[in-house]
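Dropping structure06.cif in here (mmCIF, C-alpha atoms):
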```cif
data_upload
loop_
_atom_site.label_atom_id
_atom_site.label_comp_id
_atom_site.auth_asym_id
_atom_site.auth_seq_id
_atom_site.Cartn_x
_atom_site.Cartn_y
_atom_site.Cartn_z
CA ASP A 1 14.16 80.83 -15.64
CA SER A 2 13.75 79.35 -12.14
CA PHE A 3 17.18 77.69 -12.06
CA SER A 4 20.01 79.89 -10.85
CA ALA A 5 22.88 77.45 -11.51
CA PRO A 6 25.57 78.92 -13.76
CA GLY A 7 25.03 77.98 -17.35
CA ALA A 8 21.70 76.25 -16.56
CA GLY A 9 19.80 78.18 -19.19
CA LYS A 10 22.51 77.57 -21.75
CA ASN A 11 23.23 73.84 -21.01
CA PRO A 12 20.19 71.46 -21.07
CA VAL A 13 22.43 68.45 -20.41
CA PHE A 14 23.50 69.93 -17.12
CA LEU A 15 19.86 70.59 -16.24
CA ALA A 16 18.89 66.96 -16.99
CA LYS A 17 21.77 65.71 -14.80
CA VAL A 18 20.59 67.84 -11.89
CA ILE A 19 17.00 66.56 -12.16
CA ALA A 20 18.20 62.94 -12.42
CA ARG A 21 20.34 63.34 -9.28
CA LYS A 22 17.37 64.77 -7.34
CA VAL A 23 15.10 61.86 -8.37
CA LEU A 24 17.80 59.29 -7.57
CA ALA A 25 18.37 60.88 -4.16
CA LEU A 26 14.64 60.66 -3.39
CA LEU A 27 14.45 57.00 -4.47
CA VAL A 28 17.50 56.00 -2.41
CA SER A 29 16.20 57.73 0.70
CA SER A 30 12.77 56.02 0.21
CA ASP A 31 14.40 52.58 -0.15
CA GLU A 32 16.46 53.14 2.99
CA GLU A 33 13.33 54.03 4.93
CA ASP A 34 11.52 50.89 3.63
CA VAL A 35 14.48 48.69 4.56
CA THR A 36 14.59 50.21 8.01
CA GLN A 37 10.85 49.68 8.50
CA THR A 38 11.07 46.08 7.25
CA GLY A 39 13.94 45.33 9.63
CA GLU A 40 12.00 46.77 12.54
CA MET A 41 8.95 44.63 11.65
CA ILE A 42 11.10 41.49 11.52
CA LEU A 43 12.60 42.26 14.92
CA ILE A 44 9.12 42.82 16.39
CA LEU A 45 7.84 39.53 14.94
CA LYS A 46 10.86 37.69 16.32
CA ASP A 47 10.22 39.14 19.76
CA VAL A 48 6.53 38.16 19.60
CA VAL A 49 7.28 34.58 18.49
CA LEU A 50 10.00 34.22 21.13
CA GLY A 51 7.70 35.56 23.84
CA ILE A 52 4.86 33.19 22.88
CA SER A 53 7.24 30.21 22.75
CA LEU A 54 8.71 31.02 26.16
CA GLY A 55 5.21 31.51 27.59
CA VAL A 56 3.99 28.15 26.29
CA LEU A 57 7.16 26.44 27.53
CA THR A 58 6.80 28.01 30.98
CA ILE A 59 3.13 26.97 31.27
CA SER A 60 4.01 23.43 30.14
CA ILE A 61 6.79 23.16 32.75
CA LEU A 62 4.51 24.46 35.51
CA ILE A 63 1.75 22.00 34.57
CA PHE A 64 4.29 19.14 34.53
CA LEU A 65 5.71 20.11 37.92
CA ASP A 66 2.19 20.43 39.33
CA HIS A 67 1.32 17.00 37.97
CA ARG A 68 4.43 15.52 39.62
CA GLY A 69 3.64 17.25 42.90
CA VAL A 70 6.87 19.25 42.92
CA VAL A 71 4.97 22.54 43.08
CA HIS A 72 1.31 23.34 43.49
CA PHE A 73 -0.43 25.95 41.38
CA GLN A 74 -4.17 25.91 41.66
CA SER A 75 -4.61 27.47 38.23
CA ALA A 76 -2.34 24.87 36.64
CA HIS A 77 -4.16 22.15 38.57
CA ASP A 78 -7.51 23.42 37.33
CA PHE A 79 -6.22 23.72 33.78
CA ARG A 80 -4.94 20.16 33.84
CA ASN A 81 -8.20 18.80 35.21
CA THR A 82 -10.18 20.71 32.59
CA ALA A 83 -7.96 19.34 29.82
CA PHE A 84 -8.36 15.78 31.11
CA GLN A 85 -12.13 16.21 31.27
CA LEU A 86 -12.25 17.46 27.71
CA LEU A 87 -10.09 14.58 26.48
CA SER A 88 -12.34 12.14 28.35
CA ASP A 89 -15.43 13.46 26.57
CA PRO A 90 -16.32 11.12 23.63
CA GLU A 91 -17.80 13.95 21.58
CA THR A 92 -14.68 16.08 22.01
CA MET A 93 -12.44 13.17 21.05
CA ALA A 94 -14.61 12.45 18.00
CA ASN A 95 -14.29 16.07 16.88
CA ILE A 96 -10.52 16.05 17.39
CA GLU A 97 -10.16 12.77 15.48
CA GLU A 98 -12.31 14.06 12.63
CA SER A 99 -10.46 17.37 12.32
CA SER A 100 -6.97 15.85 12.62
CA ASP A 101 -7.74 12.71 10.57
CA LEU A 102 -6.23 10.59 13.37
CA LYS A 103 -7.49 7.76 15.56
CA PHE A 104 -6.71 7.89 19.29
CA MET A 105 -6.64 4.65 21.26
CA THR A 106 -5.29 3.20 24.47
CA ILE A 107 -2.10 1.17 24.69
CA ALA A 108 -4.14 -2.03 25.11
CA GLU A 109 -6.19 -1.26 21.99
CA TYR A 110 -3.02 -0.45 20.05
CA GLU A 111 -1.34 -3.70 21.10
CA SER A 112 -4.48 -5.66 20.18
CA LYS A 113 -4.64 -4.05 16.73
CA ARG A 114 -0.92 -4.58 16.27
CA LYS A 115 -1.18 -8.29 17.09
CA GLU A 116 -4.13 -8.60 14.74
CA ILE A 117 -2.16 -6.98 11.91
CA ASP A 118 0.89 -9.16 12.61
CA GLY A 119 -1.35 -12.24 12.58
CA VAL A 120 -2.81 -11.25 9.22
CA LEU A 121 0.67 -10.71 7.80
CA GLU A 122 1.78 -14.14 9.04
CA LYS A 123 -1.30 -15.79 7.52
CA LYS A 124 -0.70 -13.94 4.26
CA ALA A 125 2.91 -15.15 4.13
CA HIS A 126 1.79 -18.71 4.94
CA HIS A 127 -0.84 -18.70 2.19
CA GLU A 128 1.63 -17.22 -0.28
CA GLU A 129 4.04 -20.06 0.53
CA ILE A 130 1.27 -22.64 -0.02
CA LEU A 131 0.28 -20.95 -3.29
CA LYS A 132 3.89 -21.04 -4.44
CA LYS A 133 4.14 -24.78 -3.71
CA ARG A 134 0.83 -25.50 -5.46
CA THR A 135 1.96 -23.48 -8.48
CA GLU A 136 5.19 -25.48 -8.64
CA GLU A 137 3.19 -28.71 -8.36
CA VAL A 138 0.89 -27.61 -11.19
CA GLU A 139 3.86 -26.78 -13.39
CA ALA A 140 5.37 -30.19 -12.64
CA LYS A 141 2.05 -31.90 -13.48
CA LYS A 142 1.84 -29.98 -16.75
CA LYS A 143 5.29 -31.22 -17.74
CA GLU A 144 4.27 -34.76 -16.75
CA VAL A 145 1.09 -34.49 -18.81
CA GLU A 146 3.05 -33.21 -21.80
CA GLY A 147 5.36 -36.20 -21.51
CA ILE A 148 2.43 -38.62 -21.28
CA LYS A 149 0.72 -36.90 -24.21
CA ASP A 150 3.79 -37.34 -26.39
CA GLU A 151 4.02 -40.99 -25.39
CA TYR A 152 0.31 -41.50 -26.06
CA GLU A 153 0.61 -39.97 -29.52
CA LYS A 154 3.52 -42.28 -30.28
CA LEU A 155 1.54 -45.30 -29.13
CA LEU A 156 -1.52 -44.10 -31.02
CA GLY A 157 0.45 -43.97 -34.23
CA ASN A 158 2.07 -47.36 -33.67
CA PRO A 159 0.77 -49.66 -36.45
CA LEU A 160 1.20 -52.74 -34.29
CA LEU A 161 -1.19 -51.50 -31.58
CA GLN A 162 -3.69 -49.97 -34.03
CA LEU A 163 -5.00 -47.58 -31.34
CA ASN A 164 -6.01 -45.12 -34.03
CA SER A 165 -8.52 -47.72 -35.16
CA TYR A 166 -10.24 -47.89 -31.77
CA CYS A 167 -14.03 -47.31 -31.94
CA GLY A 168 -15.32 -46.07 -28.59
CA SER A 169 -18.97 -45.79 -29.63
CA CYS A 170 -19.09 -49.32 -31.08
CA SER A 171 -20.75 -52.17 -29.17
CA TRP A 172 -18.45 -54.33 -27.10
CA THR A 173 -20.98 -56.93 -26.03
CA GLY A 174 -24.69 -56.48 -25.65
CA LYS A 175 -25.60 -52.96 -24.56
CA MET A 176 -22.07 -52.08 -23.40
CA THR A 177 -20.00 -49.90 -25.71
CA CYS A 178 -16.27 -50.10 -26.10
CA ASP A 179 -15.90 -46.89 -24.11
CA GLY A 180 -18.07 -48.43 -21.41
CA ARG A 181 -15.75 -51.44 -21.29
CA VAL A 182 -12.71 -49.15 -20.98
CA GLN A 183 -14.35 -47.19 -18.16
CA PHE A 184 -15.32 -50.42 -16.37
CA LEU A 185 -11.71 -51.66 -16.44
CA LYS A 186 -10.44 -48.30 -15.19
CA ASP A 187 -12.97 -48.12 -12.32
CA LYS A 188 -12.81 -51.74 -11.19
CA TYR A 189 -9.18 -52.69 -11.81
CA ASN A 190 -7.53 -49.27 -12.09
CA THR A 191 -6.36 -50.21 -15.57
CA ARG A 192 -4.44 -47.63 -17.57
CA PRO A 193 -6.41 -46.03 -20.46
CA ILE A 194 -4.22 -47.48 -23.20
CA ALA A 195 -4.20 -50.94 -21.66
CA ALA A 196 -7.99 -50.77 -21.22
CA LYS A 197 -8.47 -49.82 -24.89
CA LEU A 198 -6.20 -52.65 -25.99
CA ASN A 199 -8.27 -55.01 -23.86
CA ALA A 200 -11.50 -53.78 -25.42
CA MET A 201 -10.00 -54.09 -28.91
CA GLU A 202 -9.60 -57.81 -28.35
CA HIS A 203 -13.21 -57.82 -29.58
CA GLU A 204 -13.24 -57.04 -33.28
CA SER A 205 -16.35 -54.91 -32.80
CA CYS A 206 -14.17 -52.24 -31.08
CA ILE A 207 -11.95 -51.92 -34.14
CA LYS A 208 -12.94 -49.64 -36.96
CA LYS A 209 -13.31 -51.44 -40.25
#
```
Rewritten as structure tokens:
Amino acid sequence: DSFSAPGAGKNPVFLAKVIARKVLALLVSSDEEDVTQTGEMILILKDVVLGISLGVLTISILIFLDHRGVVHFQSAHDFRNTAFQLLSDPETMANIEESSDLKFMTIAEYESKRKEIDGVLEKKAHHEEILKKRTEEVEAKKKEVEGIKDEYEKLLGNPLLQLNSYCGSCSWTGKMTCDGRVQFLKDKYNTRPIAAKLNAMEHESCIKK
């Protein structure tokens, strides 16, 4: 037996407890090492990000001060000129616009486009207002037509007027039909349809037998 603990050969439960404690101790020490390594990596990444941010900020401030003439750094001056040249190149701008899915334009171009859009919106609102008025007029005309239709049907069924006996295809006089006579009165004298039919029915030939 390789275990020298008292009672180890006689007590398997004690032996299992000892092995379990050893394994647990190894796992805990491994986890602590991983946590320590992870914390160190996070601190390193923070330092790298902070350093890059400060570097970019410092370069930006130097370029701004050089542009304003407060300080003069030849490298910053050269960098700024190179950047302006690249942004002035149509091919470079086209590539940037394509990759960023954006459209760069001058203030004058932007104002022109903005005025054009505002003008279109105003025209759209104006046309919508006209369409609304026309729709209301159509609805009013429909109601007027419905009223006239009801009145016409009442007159048509009036036995005294006998409009249901009107014969439009019959001959009024000569080659003129009764419908032709009605149309003539409407065109020449602006006579109402019912009044024109009643006028044509003064000839018995326009009345159905």
### Query
Distance atom CA of Asn199 of chain A-atom CA of Ser169 of chain A, one decimal place?
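Interatomic distance here is 15.3 Å.
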### Query
Do you have the atom CA of Ala200 of chain A-atom CA of Lys188 of chain A distance handy?
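Value for the atom CA of Ala200 of chain A-atom CA of Lys188 of chain A distance: 14.4 Å.
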### Task
Would you kindly translate the PyMOL selection byres ((chain A and resi 148-155) around 12) into the concrete residues it picks from this file, as a list in words?
Lys141, Lys142, Lys143, Glu144, Val145, Glu146, Gly147, Leu156, Gly157, Asn158, Pro159, Leu160, Leu161, Gln162, Leu163, Asn164, Ser165, Arg192, Pro193, Ile194, Ala195, Lys197 and Leu198 of chain A
### d(atom CA of Ser100 of chain A, atom CA of Leu86 of chain A) in Å
16.1 Å
### Query
Pick from A:Ile207, A:Leu50, A:Leu45, A:Ala140: nearest to Cys167 of chain A, with all atoms listed in the file counted?
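Residue with the minimum atom-to-atom distance to Cys167 of chain A: A:Ile207.
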### Message
So, with all atoms listed in the file as the atoms that count, which of A:Glu128, A:Asp78, A:Thr191, A:Ser205 lies closest to Met176 of chain A?
### Response
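Using all atoms listed in the file, Met176 of chain A sits closest to A:Ser205.
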Take segment 49-60 of chain A, model all heavy atoms, and hand the result over as a PDB file, in the coordinates of the input.
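Output (out-v3.pdb):
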```pdb
ATOM      1  N   VAL A  49       7.189  36.050  18.568  1.00  0.00           N
ATOM      2  CA  VAL A  49       7.280  34.580  18.490  1.00  0.00           C
ATOM      3  C   VAL A  49       8.071  34.028  19.670  1.00  0.00           C
ATOM      4  O   VAL A  49       7.698  33.010  20.277  1.00  0.00           O
ATOM      5  CB  VAL A  49       7.920  34.161  17.155  1.00  0.00           C
ATOM      6  CG1 VAL A  49       8.206  32.667  17.143  1.00  0.00           C
ATOM      7  CG2 VAL A  49       7.018  34.544  15.986  1.00  0.00           C
ATOM      8  N   LEU A  50       9.191  34.671  20.001  1.00  0.00           N
ATOM      9  CA  LEU A  50      10.000  34.220  21.130  1.00  0.00           C
ATOM     10  C   LEU A  50       9.222  34.315  22.430  1.00  0.00           C
ATOM     11  O   LEU A  50       9.263  33.406  23.278  1.00  0.00           O
ATOM     12  CB  LEU A  50      11.280  35.055  21.209  1.00  0.00           C
ATOM     13  CG  LEU A  50      12.259  34.679  22.330  1.00  0.00           C
ATOM     14  CD1 LEU A  50      12.725  33.235  22.163  1.00  0.00           C
ATOM     15  CD2 LEU A  50      13.455  35.637  22.332  1.00  0.00           C
ATOM     16  N   GLY A  51       8.486  35.402  22.609  1.00  0.00           N
ATOM     17  CA  GLY A  51       7.700  35.560  23.840  1.00  0.00           C
ATOM     18  C   GLY A  51       6.615  34.503  23.960  1.00  0.00           C
ATOM     19  O   GLY A  51       6.413  33.922  25.037  1.00  0.00           O
ATOM     20  N   ILE A  52       5.909  34.230  22.853  1.00  0.00           N
ATOM     21  CA  ILE A  52       4.860  33.190  22.880  1.00  0.00           C
ATOM     22  C   ILE A  52       5.463  31.825  23.180  1.00  0.00           C
ATOM     23  O   ILE A  52       4.930  31.041  23.977  1.00  0.00           O
ATOM     24  CB  ILE A  52       4.095  33.178  21.545  1.00  0.00           C
ATOM     25  CG1 ILE A  52       3.301  34.482  21.375  1.00  0.00           C
ATOM     26  CG2 ILE A  52       3.167  31.968  21.465  1.00  0.00           C
ATOM     27  CD1 ILE A  52       2.631  34.609  20.027  1.00  0.00           C
ATOM     28  N   SER A  53       6.593  31.503  22.536  1.00  0.00           N
ATOM     29  CA  SER A  53       7.240  30.210  22.750  1.00  0.00           C
ATOM     30  C   SER A  53       7.659  30.034  24.207  1.00  0.00           C
ATOM     31  O   SER A  53       7.445  28.984  24.819  1.00  0.00           O
ATOM     32  CB  SER A  53       8.448  30.059  21.831  1.00  0.00           C
ATOM     33  OG  SER A  53       8.064  30.167  20.478  1.00  0.00           O
ATOM     34  N   LEU A  54       8.282  31.092  24.773  1.00  0.00           N
ATOM     35  CA  LEU A  54       8.710  31.020  26.160  1.00  0.00           C
ATOM     36  C   LEU A  54       7.500  30.895  27.102  1.00  0.00           C
ATOM     37  O   LEU A  54       7.542  30.172  28.105  1.00  0.00           O
ATOM     38  CB  LEU A  54       9.530  32.261  26.523  1.00  0.00           C
ATOM     39  CG  LEU A  54      10.917  32.355  25.881  1.00  0.00           C
ATOM     40  CD1 LEU A  54      11.579  33.675  26.228  1.00  0.00           C
ATOM     41  CD2 LEU A  54      11.789  31.184  26.323  1.00  0.00           C
ATOM     42  N   GLY A  55       6.413  31.599  26.765  1.00  0.00           N
ATOM     43  CA  GLY A  55       5.210  31.510  27.590  1.00  0.00           C
ATOM     44  C   GLY A  55       4.627  30.107  27.587  1.00  0.00           C
ATOM     45  O   GLY A  55       4.272  29.553  28.640  1.00  0.00           O
ATOM     46  N   VAL A  56       4.523  29.517  26.395  1.00  0.00           N
ATOM     47  CA  VAL A  56       3.990  28.150  26.290  1.00  0.00           C
ATOM     48  C   VAL A  56       4.896  27.168  27.018  1.00  0.00           C
ATOM     49  O   VAL A  56       4.430  26.258  27.719  1.00  0.00           O
ATOM     50  CB  VAL A  56       3.832  27.754  24.809  1.00  0.00           C
ATOM     51  CG1 VAL A  56       3.474  26.280  24.679  1.00  0.00           C
ATOM     52  CG2 VAL A  56       2.760  28.611  24.140  1.00  0.00           C
ATOM     53  N   LEU A  57       6.214  27.325  26.854  1.00  0.00           N
ATOM     54  CA  LEU A  57       7.160  26.440  27.530  1.00  0.00           C
ATOM     55  C   LEU A  57       7.043  26.570  29.046  1.00  0.00           C
ATOM     56  O   LEU A  57       7.062  25.564  29.779  1.00  0.00           O
ATOM     57  CB  LEU A  57       8.583  26.776  27.071  1.00  0.00           C
ATOM     58  CG  LEU A  57       9.699  25.941  27.698  1.00  0.00           C
ATOM     59  CD1 LEU A  57       9.518  24.475  27.343  1.00  0.00           C
ATOM     60  CD2 LEU A  57      11.064  26.434  27.216  1.00  0.00           C
ATOM     61  N   THR A  58       6.923  27.790  29.529  1.00  0.00           N
ATOM     62  CA  THR A  58       6.800  28.010  30.980  1.00  0.00           C
ATOM     63  C   THR A  58       5.534  27.376  31.529  1.00  0.00           C
ATOM     64  O   THR A  58       5.556  26.693  32.564  1.00  0.00           O
ATOM     65  CB  THR A  58       6.795  29.520  31.278  1.00  0.00           C
ATOM     66  OG1 THR A  58       7.984  30.113  30.761  1.00  0.00           O
ATOM     67  CG2 THR A  58       6.713  29.767  32.768  1.00  0.00           C
ATOM     68  N   ILE A  59       4.401  27.564  30.823  1.00  0.00           N
ATOM     69  CA  ILE A  59       3.130  26.970  31.270  1.00  0.00           C
ATOM     70  C   ILE A  59       3.225  25.447  31.270  1.00  0.00           C
ATOM     71  O   ILE A  59       2.751  24.769  32.195  1.00  0.00           O
ATOM     72  CB  ILE A  59       1.984  27.449  30.364  1.00  0.00           C
ATOM     73  CG1 ILE A  59       1.755  28.958  30.565  1.00  0.00           C
ATOM     74  CG2 ILE A  59       0.705  26.678  30.659  1.00  0.00           C
ATOM     75  CD1 ILE A  59       0.753  29.548  29.606  1.00  0.00           C
ATOM     76  N   SER A  60       3.867  24.888  30.223  1.00  0.00           N
ATOM     77  CA  SER A  60       4.010  23.430  30.140  1.00  0.00           C
ATOM     78  C   SER A  60       4.843  22.895  31.304  1.00  0.00           C
ATOM     79  O   SER A  60       4.514  21.866  31.908  1.00  0.00           O
ATOM     80  CB  SER A  60       4.654  23.048  28.807  1.00  0.00           C
ATOM     81  OG  SER A  60       3.877  23.503  27.724  1.00  0.00           O
TER      82      SER A  60
END
```
